[in-house]
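Student: Mind looking over this structure? Questions follow.
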Amino acid sequence: MKILVTGANGFLGYYLCRALLSHGYQVVATGRGECRLPFIGTPNFSYFPMDLVDSNQTRTIVSQAAADFIFHAAAIGKPDDCELNKELATRINTAGTSLLLELATISCTPFCYISTDFVFDGNSGNYKEEDLVNPVNHYGVTKAEAELLVRSYPGVWSIVRTVLVYGRPMTGRSNLLSIVQEKLNAGQPYAVVDDQIRTPTYVEDLVNGLLLLLQKRANGIYHLCGEEVLTPYQMALQTANYLGLDPALLIRTNSNAFKQPARRPLITGLIIDKSKQELGFQPRSFLQGLQATFSSS
Ligand SMILES: NC(=O)c1ccc[n+]([C@@H]2O[C@H](COP(=O)([O-])OP(=O)(O)OC[C@H]3O[C@@H](n4cnc5c(N)ncnc54)[C@H](OP(=O)(O)O)[C@@H]3O)[C@@H](O)[C@H]2O)c1
């Protein structure tokens, strides 16, 4: 079975491609520019540059790939980048998804879209799949717009919302844990907010959930994240203590004091009961996630 992955060079993309290959799937990895994945030469793996703003290139690659399933993980995923480059964010996150859906429709290829807790406004938290979206920043707007498009796809579709993904960054962006390790190792202070509520997600748990969804041909919206409710500061503190680094370097702050271009939803956290019941999804604890992240460092 042939799986096309967008955003394959990214943080999630690396782990997703690796897991798909180890489960015997044929992987057509795509990303912006050259391949940064270490799988070249691995049986069943191929890579094609595919920039979603280049519609000709995207059309060619998607049609030649003739995939049996698409995981669409490519995005401008940093809220501040989206806020500062709204037009580009919309072109990639919303229009890019629209183009992919148009191409997938031709062959009716099952389509899985990776979305985010940032589609919610963060006023209440504990969001279920069917709760109303109401984003508070442009990143969330682009992801919510893309979700709407996916929901009217005529083939089999799924939307996976996840939250503050962490783990060892291999090819993609850094994350809270890796930044804490880097800063504190260098003896630098690091300010982290303690008033935002999240259900952080270990990257390989997310990937395990995506594989379950693929195997079960699940259709609809699924929340795939951790179960523990933590603030970024609590995560940072646990990380510092786990690594034996100086927790005094962590500066506890809050959303009002910590100015960022994009407003953050205050209380998110997603309910994963549906994924547990329908997919058999079972995320690990944050401590187990820490152990997995730093197990071979
Ligand atoms: N990380 C999280 O905490 C988190 C939380 C919720 C949802 N998500 C969602 O999860 C998905 C994967 O995110 P991630 O954490 O793996 O982030 P990431 O490391 O930034 O990966 C995103 C990938 O998309 C690629 N991309 C950007 N613009 C593109 C374009 N025009 N054409 C093709 N590819 C393009 C990036 O390419 P370059 O590497 O060349 O920049 C990058 O490799 C995203 O959809 C994100 O919205 C992530």
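Chain lettering (A, B, ...) mirrors the order of the structure tokens, residue numbering begins at 1 for each chain separately, and ligand numbering begins at 1 in order of display.
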Identify, with DSSP run on backbone atoms, the residues in stretch 49-117 of chain A assigned to strand (DSSP E or B), and express the list as an MDAnalysis selection string.

Tutor: chainID A and resid 49 69:72 111:116

Student: Near stretch 211-214 of chain A, counting only C-alpha atoms, which residues have an atom at most 9 Å away, once you skip same-chain residues fewer than 3 positions from it, shown as a VMD selection string?

Tutor: chain A and resid 16 19 to 20 69 112 158 206 to 208 217 to 219 222 275 279 to 281

Student: Could you name the residues that touch A:Ala73 at 8 Å or less, counting only C-alpha atoms, but leaving out those on the same chain fewer than 2 positions away, as a list in words?

Tutor: Val5, Thr6, Gly7, Ala8, Leu12, Gly13, Phe71, Ala75, Tyr113 and Ile114 of chain A

Student: Taking only C-alpha atoms and all ligand atoms into account, list the residues no farther than 6 Å from ligand 1, as a list in words.

Tutor: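 Residues satisfying the distance criterion: Gly7, Ala8, Asn9, Gly10, Phe11, Leu12, Gly13, Gly31, Arg32, Met50, Asp51, Leu52, Val53, Ala73, Ala74, Ala75, Ile76, Gly77, Ile92, Ile114, Ser115, Thr116, Thr162, Val163, Leu164, Val165, Gly172 and Arg173 of chain A.
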
Student: Could you check how far atom CA of A:Leu224 sits from atom CA of A:Glu130, in Å to one decimal?

Tutor: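 Those two atoms sit 14.1 Å apart.
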
Student: By how many Å are atom CA of A:Thr94 and atom CA of A:Lys143 apart?

Tutor: 6.8 Å

Student: Find the spatial neighbours of A:Ala262, counting only C-alpha atoms, within a cut-off of 10 Å - ignore same-chain residues fewer than 6 positions away - and output them as a PyMOL selection string.

Tutor: chain A and resi 78-84+136-140

Student: Okay, now the selection with C-alpha atoms, as a PDB file, in the first residue's frame?

Tutor:
```
ATOM      1  CA  LYS A  78       4.328  28.214  14.096  1.00  0.00           C
ATOM      2  CA  PRO A  79       1.539  30.604  15.139  1.00  0.00           C
ATOM      3  CA  ASP A  80       3.821  33.648  15.201  1.00  0.00           C
ATOM      4  CA  ASP A  81       5.078  32.954  11.662  1.00  0.00           C
ATOM      5  CA  CYS A  82       1.458  32.740  10.490  1.00  0.00           C
ATOM      6  CA  GLU A  83       0.541  35.980  12.252  1.00  0.00           C
ATOM      7  CA  LEU A  84       3.481  37.815  10.693  1.00  0.00           C
ATOM      8  CA  VAL A 136      -8.060  33.291  18.091  1.00  0.00           C
ATOM      9  CA  ASN A 137      -5.040  33.629  15.792  1.00  0.00           C
ATOM     10  CA  HIS A 138      -4.302  33.363  12.090  1.00  0.00           C
ATOM     11  CA  TYR A 139      -2.669  29.926  12.371  1.00  0.00           C
ATOM     12  CA  GLY A 140      -5.897  28.643  13.912  1.00  0.00           C
TER      13      GLY A 140
END
```

Student: Might you pull out every residue within 12 Å of A:Ser295, with only C-alpha atoms counted and same-chain residues fewer than 5 positions away left off, and present them as a VMD selection string?

Tutor: chain A and resid 167 to 168 242 to 243 287 to 290

Student: Which parts of stretch 48-162 of chain A does DSSP call helix (DSSP H, G or I) when run on the backbone here, written out as an MDAnalysis selection string?

Tutor: chainID A and resid 55:65 79:84 86:107 117:119 138:151

Student: Choose the residue, out of A:Leu88, A:Ile70, A:Phe120, A:Asp131, that has the smallest atom-to-atom separation from A:Cys108; count only C-alpha atoms.

Tutor: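 The answer is A:Ile70, which sits nearest to A:Cys108.
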
Student: Given the choices A:Thr268, A:Ser174, A:Thr109, A:Gln215, which gets closest to A:Val156 if the distance is worked out from only C-alpha atoms?

Tutor: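 Using only C-alpha atoms, A:Val156 sits closest to A:Thr109.
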
Student: Excluding A:Ala67 and any residue of its chain fewer than 5 positions from it, enumerate the residues within 7 Å of it, using only C-alpha atoms, and give them as a PyMOL selection string.

Tutor: chain A and resi 2-4

Student: Mind writing the picked residues with C-alpha atoms as an mmCIF file, in the first residue's frame?

Tutor:
```cif
data_model
loop_
_atom_site.group_PDB
_atom_site.id
_atom_site.type_symbol
_atom_site.label_atom_id
_atom_site.label_comp_id
_atom_site.auth_asym_id
_atom_site.auth_seq_id
_atom_site.Cartn_x
_atom_site.Cartn_y
_atom_site.Cartn_z
ATOM 1 C CA LYS A 2 1.383 3.354 -1.072
ATOM 2 C CA ILE A 3 1.156 6.329 1.303
ATOM 3 C CA LEU A 4 1.879 9.917 0.290
#
```

Student: Rounded to one decimal in Å, what is the spacing between atom CA of A:Arg18 and atom CA of A:Ala66?

Tutor: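 So the two atoms, atom CA of A:Arg18 and atom CA of A:Ala66, lie 20.4 Å apart.
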
Student: Between A:Gly226, A:Pro232, A:Gly122, A:Pro154, which residue has the minimum interatomic distance to A:Ala104, considering only C-alpha atoms?

Tutor: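 The closest residue to A:Ala104 is A:Pro154.
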
Student: Near A:Met235, counting only C-alpha atoms, which residues have an atom at most 9 Å away, once you skip same-chain residues fewer than 6 positions from it, shown as number ranges by chain?

Tutor: A: 176-177, 200, 286

Student: Keeping C-alpha atoms for every residue in the selection just given, could you write it to a file as a CSV table (one decimal), in the first residue's frame?

Tutor:
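Full text of out.csv as output:
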```csv
chain,number,residue,atom,x,y,z
A,176,LEU,CA,9.5,22.8,24.3
A,177,LEU,CA,11.5,19.9,25.7
A,200,PRO,CA,0.9,17.6,25.4
A,286,PHE,CA,4.3,12.6,30.3
```
